[in-house]
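As structure tokens, the structure follows; a few thoughts come after it.
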Amino acid sequence: MVVRTSAELAVELCGIPLRTPLIPASGTLAKEALGEARDVYGAMLPKTVTPRPRQGNPPPRVAETPAGMINSIGLQNPGIDRFLEDLDAYDLGVPLLVSVAGDTVAEFVALCGRLADDKRVSAIELNLSCPNVEHGGLTFCAGPASVAEVVAACRKTAPDKPLLAKLTNEGVLGNAVAAEEAGADGLTLINTVPALSVDPWARKALPGGLSGPAIKPVALRAVYEVSATVEIPVVGCGGVSTGTDVAEFMLAGATAVQVGTASFVREPAEILEEFAGYLEKAGSPARQLTGGLRGYQGS
Amino acid sequence: MVVRTSAELAVELCGIPLRTPLIPASGTLAKEALGEARDVYGAMLPKTVTPRPRQGNPPPRVAETPAGMINSIGLQNPGIDRFLEDLDAYDLGVPLLVSVAGDTVAEFVALCGRLADDKRVSAIELNLSCPNVEHGGLTFCAGPASVAEVVAACRKTAPDKPLLAKLTNEGVLGNAVAAEEAGADGLTLINTVPALSVDPWARKALPGGLSGPAIKPVALRAVYEVSATVEIPVVGCGGVSTGTDVAEFMLAGATAVQVGTASFVREPAEILEEFAGYLEKAGSPARQLTGGLRGYQGS
Amino acid sequence: MKFYSVPIEHREHIGGYTLFSYRWEGPVEPGQFAMARFGRFPYTLDPLLARPLSFYDQDGEATSLLFEVRGRGTALLDQADKIEVTAPLGRGFDVNGIDGPCALLGGGIGVAPLKILGRRLEALGVPYDTFLGFADAGTAEISRDFPGARVATMDGSAGVRGTVLDAAPPLEEYAAVYACGPNPMLAAVKRAADGFCQLSVEERMGCGNGSCNACVVPVEGRGYVRSCVEGPVFEAATLAW
Amino acid sequence: MKFYSVPIEHREHIGGYTLFSYRWEGPVEPGQFAMARFGRFPYTLDPLLARPLSFYDQDGEATSLLFEVRGRGTALLDQADKIEVTAPLGRGFDVNGIDGPCALLGGGIGVAPLKILGRRLEALGVPYDTFLGFADAGTAEISRDFPGARVATMDGSAGVRGTVLDAAPPLEEYAAVYACGPNPMLAAVKRAADGFCQLSVEERMGCGNGSCNACVVPVEGRGYVRSCVEGPVFEAATLAW
Ligand SMILES: Cc1cc2nc3c(=O)[nH]c(=O)nc-3n(C[C@H](O)[C@H](O)[C@H](O)COP(=O)(O)OP(=O)(O)OC[C@H]3O[C@@H](n4cnc5c(N)ncnc54)[C@H](O)[C@@H]3O)c2cc1C
Ligand SMILES: Cc1cc2nc3c(=O)[nH]c(=O)nc-3n(C[C@H](O)[C@H](O)[C@H](O)COP(=O)(O)OP(=O)(O)OC[C@H]3O[C@@H](n4cnc5c(N)ncnc54)[C@H](O)[C@@H]3O)c2cc1C
Ligand SMILES: Cc1cc2nc3c(=O)[nH]c(=O)nc-3n(C[C@H](O)[C@H](O)[C@H](O)COP(=O)(O)O)c2cc1C
Ligand SMILES: Cc1cc2nc3c(=O)[nH]c(=O)nc-3n(C[C@H](O)[C@H](O)[C@H](O)COP(=O)(O)O)c2cc1C
Ligand code: FES
Ligand code: FES
């Protein structure tokens with residue numbers, strides 16, 4: 001299935017023109033599966049990269065929950081050196097965003113330093129939120145102070161690259177404001193929600209991050225509240241699975257939208273096609289949807 | 001459908017014997033629907049009551065989401081006077097818990113005062129978490145300090161009634177510890193998760209609290225982490241819809257389990273029957289499940 | 001809530017609506033409804049909730065429902081070979097002590113509870129006239145199931161052009177007025193009728209048995225009242241619309 | 001991931017397993033798998049994910065899958081008139097340059113990829129022996145679809161008593177050993193075989209196309225490797241078990 005992109009679908013994110021508002025969520029689209037990404041996504045976004053290779057957690061790494069899944073991958077990745085060697089494989093003729101995560105502020109800075117002058121990279125997403133890799137028991141977006149510290153340091157290191165701060169739902173409003181004040185150009189909301197799956201027969205549990213349709217209303221709330229508060233653009237993420245989901249996130253305040261888990265169970269091109277159908281019926285180009293709610297339903 | 005209760009199903013919560021570990025979640029079982037509660041629930045728990053009558057929010061008050069629903073009822077209730085007049089209607093021959101919420105600490109105290117000597121009331125659940133009714137923009141469980149304040153004050157007013165503090169997921173660990181230190185006898189985890197539903201055609205949104213199967217893994221995580229930290233019993237709540245869900249919550253650390261949204265789409269007796277079937281296969285009485293995980297699945 | 005699994009025995013598409021029936025002997029009061037689900041939980045979790053549907057007809061053997069596909073809930077019901085339904089819920093139309101002629105007004109899919117209401121009035125020997133309003137001739141097709149009904153369509157493609165009230169004489173002529181349809185139509189009926197007038201309202205429901213407080217309507221002097229237990233049929237005068 | 005909607009043309013229950021087929025012409029490599037879903041998203045959201053199933057057979061017209069109902073995903077597949085499947089995924093068994101006799105070992109539902117593997121070996125003119133292990137005579141029924149296979153059952157109710165290895169001669173006799181089954185069986189085969197030996201592993205999958213990093217197995221010197229793209233068939237020697 002090929003959807004013809006059009007002016008109707010185009011949006012602009014932090015000054016980067018995207019031919020569609022769809023972006024793969026970090027960690028959910030492999031090099032090997034790029035075939036289905038062609039002509040669908042407005043930008044490419046590979047899995048989070050860390051300074052050194054990470055082997056990740058032992059399996060099982062996923063479990064299912066109603067309308068969702070839990071993952072505990074543990075940021076398995078080849079490390080920044082190998083990642084940069086292979087970077088051309090991600091060239092889809094669309095802007096390339098790179099997601100980075102470190103264990104310390106210095107690591108974040110080092111990663112941004114490697115990307116700051118790389119012409120292939122259009123923007124950097126700071127994964128401040130991955131709930132699987134713990135730093136002193138907490139993540140980088142445990143509070144506004146640490147969010148501000150990382151963002152400010154990365155801002156300085158990569159002054160010319162748009163920086164997106166990717167946050168979790170917990171404490172999202174305070175963290176979003178902190179990221180904006182520290183110089184982030186945009187925000188990605190939200191990363192997975194800390195959750196647990198229990199196998200009642202084996203009596204074992206898998207803690208990890210919840211994603212998929214189940215978290216869509218939680219992500220919509222985050223996008224709605226944050227975009228009403230900050231000036232920088234917000235990229236919606238969490239449970240996007242249909243064309244109307246894309247519209248819902250944009251109406252709630254998102255400038256672009258990431259698709260993760262849903263791409264495991266359907267073709268992203270279908271989502272784009274549905275979204276194009278929505279735009280046609282709604283009589284509106286994509287870029288005019290952002291923040292277009294007419295108010296609360298109840299009032 | 002009638003499930004014969006048995007010693008296998010019985011548990012004890014804060015010294016109160018319950019013939020089954022199931023309790024209706026506050027706000028999800030009306031007087032008019034008590035028929036199906038008979039022989040199923042170990043205790044009765046009506047909708048949260050406030051000092052004065054509340055008319056609640058204008059409709060629409062509910063919206064659906066994948067595997068869940070959002071509600072924005074706004075704590076509609078007849079107020080404590082009328083509630084106490086009608087209290088006998090809730091007599092199912094099982095312990096009666098009463099859920100209370102106030103706008104101020106003084107209101108919580110006043111409500112507990114009304115219940116402290118009422119012999120019909122076995123325990124009080126403090127609804128510290130309802131995300132629909134705002135107090136200075138925040139709920140009572142916005143942070144450990146306000147949780148501690150309410151709980152300590154209620155503890156003093158109703159020294160002989162077991163007190164359960166019902167918390168939201170956000171900040172649950174800190175709030176749980178605060179509630180325990182302030183004298184709570186138990187915890188109910190979790191209330192609905194703040195969320196938003198967007199109607200992309202009408203361009204309207206309904207903010208409210210997310211409940212149902214979608215939030216089960218989030219609630220399981222809260223129960224697991226909190227019960228590993230505090231000494232007081234935890235009542236699990238959030239998405240319980242099947243007999244194995246009951247087992248999952250108990251294995252994760254719950255002593256009893258509340259059923260809310262699922263009772264709208266199935267008969268609670270079926271859940272109890274499934275749970276009894278699980279116990280039989282597992283060869284364990286209910287009371288021995290609590291905290292019975294053998295460790296993480298991945299390890 | 002208890003749901004019963006029932007095989008669909010007969011299904012027919014009439015105009016824009018689906019009519020289907022299952023074997024169940026009643027009893028049911030005109031204006032009562034059932035919560036209906038495509039399959040037993042958790043067969044589908046999207047939608048999670050059941051949908052309220054009025055009882056369309058009940059002949060002592062088969063029970064039928066008439067519905068319009070609006071969203072995913074009704075679309076799935078439209079495909080089901082078997083559905084899950086509850087026993088009759090809510091308070092229906094009050095026909096006690098009515099002897100003069102009645103007016104039955106239905107707007108769009110709001111015709112649903114009028115069939116069984118007419119059947120009840122006939123059994124009681126109470127005369128009545130039926131007036132049905134639709135968008136167009138397509139949806140108006142269901143009116144063939146209401147012999148003698150006067151029809152209005154917004155586009156004039158069947159019956160008179162206009163709303164259901166344009167098809168009816170002044171409502172004061174009737175001893176009782178019974179209406180079901182979209183809220184703006186019900187509000188218009190309320191204004192037009194000055195005697196005994198009962199309206200079946202449609203509010204979004206969570207549970208159908210009074211438990212969730214979702215389905216409220218404003219009632220004079222009483223604030224919000226749950227339409228699933230105190231309705232869906234209300235005296236027009238009591239509604240604070 | 002792209003899914004294709006295919007009507008089930010033939011369905012049969014053999015012992016504890018379900019065999020069904022749909023019209024699709026291939027090509028498929030022995031050992032490859034498909035992700036299968038009961039219905040198109042969001043028909044069911046519980047489970048949300050598709051399930052990996054090995055291709056059982058492919059005769060150029062019909063493609064068949066053989067599976068065991070374990071949980072809700074396979075239970076729904078067992079009821080489906082139509083399923084959603086992907087194109088063949090992963091790397092199958094390597095049969096290039098093998099000319100000596102091969103041993104095919106299957107444990108339980110692990111027999112699934114051996115049928116099509118046997119077909120391929122026959123086409124290549126490579127001789128092979130098949131050894132199948134089951135819990136009991138019930139599940140062993142599927143062995144009738146493997147003419148000449150030697151069978152073992154844990155309870156001795158069919159074939160020899162014991163594991164699949166008890167039904168087989170020393171594996172060194174074979175030029176190549178191919179096995180599929182539960183991990184403990186694969187580990188035992190790995191220990192018993194010292195030559196060319198390929199194992200099809202089973203890990204929980206999220207996506208099936210390399211995107212999620214769920215399905216990893218430990219590989220000597222390379223850490224965790226995704227079994228959906230680099231497997232599910234691995235050289236026994238490379239697995240760090
Ligand atoms: C007492 C009562 C009796 C009814 N009788 C009939 C009938 O006989 N035939 C008929 O066709 N329709 C009837 N309805 C309306 C019917 O319930 C809705 O059309 C149906 O719920 C829509 O569901 P959906 O999934 O198809 O659409 P959705 O996609 O869910 O929604 C489409 C629209 O339907 C409404 N809706 C959504 N969820 C609910 C809900 N839980 N409860 C009520 N409305 C909702 C909303 O306004 C929404 O915009 C009745 C409603 C009530 C309250
Ligand atoms: C490459 C490959 C090929 C396979 N081929 C076959 C086959 O031909 N026939 C067959 O019957 N089975 C096959 N399986 C196993 C099959 O995928 C599982 O039995 C099935 O996913 C169980 O799903 P369920 O919903 O029925 O059970 P669930 O209730 O989900 O789980 C039952 C058990 O199945 C396993 N499981 C759960 N989710 C997954 C998942 N997403 N991926 C893998 N395993 C999971 C877990 O160990 C779980 O304890 C194969 C697996 C793999 C990886
Ligand atoms: C298997 C898997 C792996 C993920 N890996 C990453 C990652 O490496 N970096 C990151 O920022 N987010 C990661 N995420 C989170 C997603 O990018 C996304 O924020 C989340 O899944 C919610 O979106 P969804 O519901 O559309 O999947 C991962 C999610 C999944 C399911
Ligand atoms: C319609 C509705 C009304 C509710 N009203 C209350 C309430 O009055 N007090 C309260 O503490 N929780 C209330 N809740 C929250 C539930 O008690 C419960 O915490 C939540 O729904 C999660 O459980 P569930 O997924 O089983 O529904 C309400 C939930 C719903 C769906
Ligand atoms: S629908 Fe739940 S109270 Fe009426
Ligand atoms: S199943 Fe997703 S990477 Fe293999």
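Residues in the structure tokens are numbered from 1 in each chain, the chains being A, B, ... in the order shown, and ligands are numbered from 1 in the order shown.
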
Surrounding residues as JSON, numbers by chain, ligand 2, max 6 Å, only C-alpha atoms and all ligand atoms: {"D": [33, 51, 52, 53, 54, 66, 67, 68, 69, 70, 71, 72, 73, 74, 75, 109, 112, 202, 203, 204, 205, 206, 232]}

DSSP-assigned strand (DSSP E or B) among stretch 110-185 of chain D, expressed as an MDAnalysis selection string: chainID D and resid 128:134 150:153 160:161 176:180

Let me see the file: selected residues, C-alpha atoms, as a PDB file, in the first residue's frame.
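Once written, out-v3.pdb looks like this:
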```pdb
ATOM      1  CA  TYR D 128      16.413 -38.327   6.103  1.00  0.00           C
ATOM      2  CA  ASP D 129      14.962 -39.986   9.164  1.00  0.00           C
ATOM      3  CA  THR D 130      12.307 -38.364  11.335  1.00  0.00           C
ATOM      4  CA  PHE D 131      12.082 -38.730  15.116  1.00  0.00           C
ATOM      5  CA  LEU D 132       9.179 -37.264  17.035  1.00  0.00           C
ATOM      6  CA  GLY D 133       8.667 -36.961  20.765  1.00  0.00           C
ATOM      7  CA  PHE D 134       5.370 -36.292  22.502  1.00  0.00           C
ATOM      8  CA  ARG D 150       9.934 -43.070  14.857  1.00  0.00           C
ATOM      9  CA  VAL D 151       7.938 -41.904  17.871  1.00  0.00           C
ATOM     10  CA  ALA D 152       8.629 -41.590  21.564  1.00  0.00           C
ATOM     11  CA  THR D 153       6.167 -40.601  24.280  1.00  0.00           C
ATOM     12  CA  VAL D 160       9.127 -45.974  22.798  1.00  0.00           C
ATOM     13  CA  ARG D 161       8.965 -44.524  26.268  1.00  0.00           C
ATOM     14  CA  ALA D 176      23.009 -32.970   9.446  1.00  0.00           C
ATOM     15  CA  VAL D 177      20.661 -32.709  12.399  1.00  0.00           C
ATOM     16  CA  TYR D 178      17.616 -30.431  12.349  1.00  0.00           C
ATOM     17  CA  ALA D 179      15.504 -29.965  15.457  1.00  0.00           C
ATOM     18  CA  CYS D 180      12.600 -27.984  16.764  1.00  0.00           C
TER      19      CYS D 180
END
```

Write out, as CSV, each residue of chain D that has an atom at most 9 Å from ligand 3, together with the closest pair of atoms and their distance in Å to one decimal, counting only C-alpha atoms and all ligand atoms, rows going by chain and rising number.
```
residue,atom,partner,partner_atom_place_in_ligand_line,distance
D:Gly206,CA,ligand 3,1 (C),7.1
D:Cys207,CA,ligand 3,1 (C),8.4
D:Ser211,CA,ligand 3,1 (C),7.3
D:Cys212,CA,ligand 3,1 (C),4.0
D:Asn213,CA,ligand 3,1 (C),6.3
D:Ala214,CA,ligand 3,1 (C),6.6
```

Stretch 50-269 of chain B: residues DSSP assigns to helix (DSSP H, G or I), reported as a PyMOL selection string: chain B and resi 79-85+87-90+105-116+140-142+144-157+172-181+213-227+243-252+261-264+268-269

Closest of A:Glu64, A:Glu32, A:Asp39, A:Glu8 to chain B - atom-to-atom distances counting only C-alpha atoms: A:Glu64

Straight-line distance linking atom CA of B:Arg120 with atom CA of B:Gly15, stated in Å to one decimal: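 Atom-to-atom, atom CA of B:Arg120 and atom CA of B:Gly15 are spaced 15.8 Å apart.
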
Near A:Arg155, within 9 Å and counting only C-alpha atoms, which residues show up once chain neighbours fewer than 5 positions away are dropped, as a compact mmCIF listing (two decimals) with N, CA, C and O atoms, in the first residue's frame?
```txt
# COMPACT_ATOMS: atom_id res chain seq x y z
N VAL A 109 25.96 14.59 26.96
CA VAL A 109 26.73 15.64 26.29
C VAL A 109 27.66 15.02 25.25
O VAL A 109 27.76 15.50 24.11
N CYS A 112 25.65 14.03 22.21
CA CYS A 112 25.24 15.20 21.41
C CYS A 112 26.45 15.77 20.67
O CYS A 112 26.30 16.25 19.54
N VAL A 150 20.18 18.23 32.11
CA VAL A 150 20.56 17.51 30.88
C VAL A 150 20.29 18.36 29.64
O VAL A 150 21.12 18.48 28.75
N ASP A 160 23.18 23.99 17.21
CA ASP A 160 22.47 24.14 15.93
C ASP A 160 21.50 23.01 15.62
O ASP A 160 20.85 23.01 14.57
N LYS A 161 21.45 22.01 16.46
CA LYS A 161 20.52 20.90 16.19
C LYS A 161 19.26 21.08 17.03
O LYS A 161 19.35 21.27 18.24
N PRO A 162 18.12 21.00 16.39
CA PRO A 162 16.89 21.00 17.20
C PRO A 162 16.94 19.85 18.21
O PRO A 162 17.33 18.73 17.87
N LEU A 163 16.56 20.14 19.44
CA LEU A 163 16.56 19.14 20.52
C LEU A 163 15.13 18.87 20.97
O LEU A 163 14.40 19.78 21.37
N ALA A 182 15.06 25.23 29.70
CA ALA A 182 16.47 24.87 29.53
C ALA A 182 16.88 24.87 28.07
O ALA A 182 18.03 24.59 27.73
N GLY A 183 15.94 25.17 27.17
CA GLY A 183 16.34 25.34 25.78
C GLY A 183 15.92 24.25 24.82
O GLY A 183 16.37 24.23 23.66
N ALA A 184 15.03 23.34 25.24
CA ALA A 184 14.55 22.32 24.29
C ALA A 184 13.74 23.00 23.20
O ALA A 184 13.04 23.99 23.45
```

Among listed residues D:Thr238, D:Gln32, D:Ser21, D:Asn209, nearest chain A (using only C-alpha atoms):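 Of D:Thr238, D:Gln32, D:Ser21, D:Asn209, the one nearest chain A, counting only C-alpha atoms, is D:Asn209.
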
Check: which chain A residues lie within 7 Å of chain D using only C-alpha atoms, as a list in words: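 Selected residues: Gly27, Thr28, Leu29, Ala30, Glu32, Ala33, Gln55, Pro59, Pro60, Arg61, Val62, Glu64, Pro66, Ala67, Gly68, Ile73, Ser263, Phe264, Val265, Arg266 and Glu267 of chain A.
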
Between atom CA of C:Leu117 and atom CA of C:Pro30, distance in Å (one decimal):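 According to the coordinates, atom CA of C:Leu117 and atom CA of C:Pro30 are separated by 4.9 Å.
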
Considering only C-alpha atoms, give me a table of residues in chain A that are at most 8 Å from chain B, with the closest atom pair and distance in Å for each, as CSV.
```
residue,atom,partner,partner_atom,distance
A:Asn57,CA,B:Gly298,CA,7.8
A:Pro58,CA,B:Gly298,CA,6.0
A:Pro59,CA,B:Gly298,CA,5.7
A:Pro60,CA,B:Gly298,CA,5.5
A:Arg61,CA,B:Gly298,CA,7.1
A:Thr65,CA,B:Pro217,CA,6.9
A:Pro66,CA,B:Ala214,CA,5.6
A:Ala67,CA,B:Ala67,CA,5.9
A:Gly68,CA,B:Ala214,CA,7.3
A:Glu170,CA,B:Glu170,CA,6.2
A:Gly171,CA,B:Glu170,CA,7.8
A:Val193,CA,B:Val218,CA,7.4
A:Pro194,CA,B:Val218,CA,6.5
A:Ala195,CA,B:Val218,CA,4.4
A:Leu196,CA,B:Arg221,CA,4.7
A:Ser197,CA,B:Pro217,CA,5.8
A:Val198,CA,B:Glu248,CA,5.7
A:Asp199,CA,B:Glu248,CA,7.0
A:Pro200,CA,B:Glu248,CA,5.4
A:Trp201,CA,B:Ala282,CA,7.5
A:Arg203,CA,B:Leu293,CA,4.8
A:Lys204,CA,B:Gln297,CA,4.7
A:Ala205,CA,B:Tyr296,CA,4.7
A:Leu206,CA,B:Gln297,CA,5.3
A:Pro207,CA,B:Arg221,CA,7.3
A:Leu210,CA,B:Pro217,CA,7.6
A:Pro213,CA,B:Pro66,CA,5.8
A:Ala214,CA,B:Ala214,CA,4.8
A:Ile215,CA,B:Ala214,CA,7.3
A:Lys216,CA,B:Thr65,CA,7.9
A:Pro217,CA,B:Ala195,CA,4.9
A:Val218,CA,B:Ala195,CA,4.4
A:Ala219,CA,B:Ala195,CA,7.4
A:Leu220,CA,B:Leu196,CA,5.7
A:Arg221,CA,B:Leu196,CA,4.7
A:Ala222,CA,B:Ala195,CA,7.9
A:Thr244,CA,B:Pro200,CA,6.6
A:Ala247,CA,B:Pro200,CA,6.3
A:Glu248,CA,B:Pro200,CA,5.4
A:Leu251,CA,B:Arg203,CA,7.2
A:Ala252,CA,B:Val198,CA,7.5
A:Ala282,CA,B:Trp201,CA,7.5
A:Gly292,CA,B:Arg203,CA,7.0
A:Leu293,CA,B:Arg203,CA,4.8
A:Arg294,CA,B:Arg203,CA,5.6
A:Gly295,CA,B:Lys204,CA,5.6
A:Tyr296,CA,B:Ala205,CA,4.7
A:Gln297,CA,B:Lys204,CA,4.7
A:Gly298,CA,B:Pro60,CA,5.5
A:Ser299,CA,B:Pro58,CA,7.3
```

Selection export as a PDB file, in the first residue's frame, atoms kept: C-alpha atoms:
```
ATOM      1  CA  ASN A  57      17.850  -7.593  29.538  1.00  0.00           C
ATOM      2  CA  PRO A  58      17.501 -11.379  29.448  1.00  0.00           C
ATOM      3  CA  PRO A  59      14.326 -12.691  27.796  1.00  0.00           C
ATOM      4  CA  PRO A  60      11.372 -12.801  28.193  1.00  0.00           C
ATOM      5  CA  ARG A  61      11.322  -9.139  27.355  1.00  0.00           C
ATOM      6  CA  THR A  65      -1.826  -6.739  28.602  1.00  0.00           C
ATOM      7  CA  PRO A  66      -5.334  -5.712  27.545  1.00  0.00           C
ATOM      8  CA  ALA A  67      -4.879  -3.448  24.498  1.00  0.00           C
ATOM      9  CA  GLY A  68      -1.226  -3.063  25.327  1.00  0.00           C
ATOM     10  CA  GLU A 170       4.732  11.007  35.639  1.00  0.00           C
ATOM     11  CA  GLY A 171       5.335  14.653  36.464  1.00  0.00           C
ATOM     12  CA  VAL A 193       4.188   3.903  31.450  1.00  0.00           C
ATOM     13  CA  PRO A 194       5.772   1.858  34.269  1.00  0.00           C
ATOM     14  CA  ALA A 195       3.700  -1.294  34.643  1.00  0.00           C
ATOM     15  CA  LEU A 196       3.820  -4.939  35.625  1.00  0.00           C
ATOM     16  CA  SER A 197       2.553  -8.132  34.074  1.00  0.00           C
ATOM     17  CA  VAL A 198       1.923 -11.103  36.331  1.00  0.00           C
ATOM     18  CA  ASP A 199       1.707 -14.696  35.176  1.00  0.00           C
ATOM     19  CA  PRO A 200      -0.598 -16.198  37.818  1.00  0.00           C
ATOM     20  CA  TRP A 201       0.309 -19.780  36.945  1.00  0.00           C
ATOM     21  CA  ARG A 203       3.843 -16.876  39.668  1.00  0.00           C
ATOM     22  CA  LYS A 204       6.314 -14.679  37.877  1.00  0.00           C
ATOM     23  CA  ALA A 205       6.153 -11.028  37.011  1.00  0.00           C
ATOM     24  CA  LEU A 206       7.603  -8.890  34.268  1.00  0.00           C
ATOM     25  CA  PRO A 207       8.044  -5.226  35.158  1.00  0.00           C
ATOM     26  CA  LEU A 210       3.406  -0.189  28.988  1.00  0.00           C
ATOM     27  CA  PRO A 213      -3.698   1.556  22.595  1.00  0.00           C
ATOM     28  CA  ALA A 214      -4.204   1.157  26.353  1.00  0.00           C
ATOM     29  CA  ILE A 215      -2.109   4.265  27.079  1.00  0.00           C
ATOM     30  CA  LYS A 216      -3.531   6.481  24.339  1.00  0.00           C
ATOM     31  CA  PRO A 217      -5.875   8.435  26.639  1.00  0.00           C
ATOM     32  CA  VAL A 218      -3.043   9.003  29.112  1.00  0.00           C
ATOM     33  CA  ALA A 219      -0.764  10.303  26.351  1.00  0.00           C
ATOM     34  CA  LEU A 220      -3.546  12.504  24.967  1.00  0.00           C
ATOM     35  CA  ARG A 221      -3.975  14.084  28.376  1.00  0.00           C
ATOM     36  CA  ALA A 222      -0.241  14.795  28.609  1.00  0.00           C
ATOM     37  CA  THR A 244      -8.231   9.193  13.704  1.00  0.00           C
ATOM     38  CA  ALA A 247      -6.017  13.478  14.333  1.00  0.00           C
ATOM     39  CA  GLU A 248      -6.860  13.164  18.035  1.00  0.00           C
ATOM     40  CA  LEU A 251      -6.221  18.279  17.841  1.00  0.00           C
ATOM     41  CA  ALA A 252      -5.043  17.854  21.422  1.00  0.00           C
ATOM     42  CA  ALA A 282     -12.668  17.208   7.829  1.00  0.00           C
ATOM     43  CA  GLY A 292      -7.897  22.556  17.179  1.00  0.00           C
ATOM     44  CA  LEU A 293     -10.203  21.299  19.926  1.00  0.00           C
ATOM     45  CA  ARG A 294     -13.320  23.371  20.335  1.00  0.00           C
ATOM     46  CA  GLY A 295     -13.366  22.922  24.084  1.00  0.00           C
ATOM     47  CA  TYR A 296     -14.388  20.234  26.464  1.00  0.00           C
ATOM     48  CA  GLN A 297     -17.132  17.878  25.431  1.00  0.00           C
ATOM     49  CA  GLY A 298     -18.985  18.337  28.656  1.00  0.00           C
ATOM     50  CA  SER A 299     -19.253  22.068  28.436  1.00  0.00           C
TER      51      SER A 299
END
```

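Contacts with ligand 4 are defined as any residue atom within 6 Å of a ligand atom, using only C-alpha atoms and all ligand atoms; the residues meeting this criterion are Ala25, Ser26, Gly27, Thr28, Lys47, Thr48, Asn71, Leu75, Asn127, Ile190, Asn191, Thr192, Ser211, Gly212, Cys237, Gly238, Gly239, Val240, Val259, Gly260, Thr261 and Ala262 of chain B; Cys212 of chain C.
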
Of the listed residues D:Pro127, D:Phe38, D:Gly26, D:Val201, that which approaches chain C most closely, counting only C-alpha atoms: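 Selected residue with least distance to chain C: D:Phe38.
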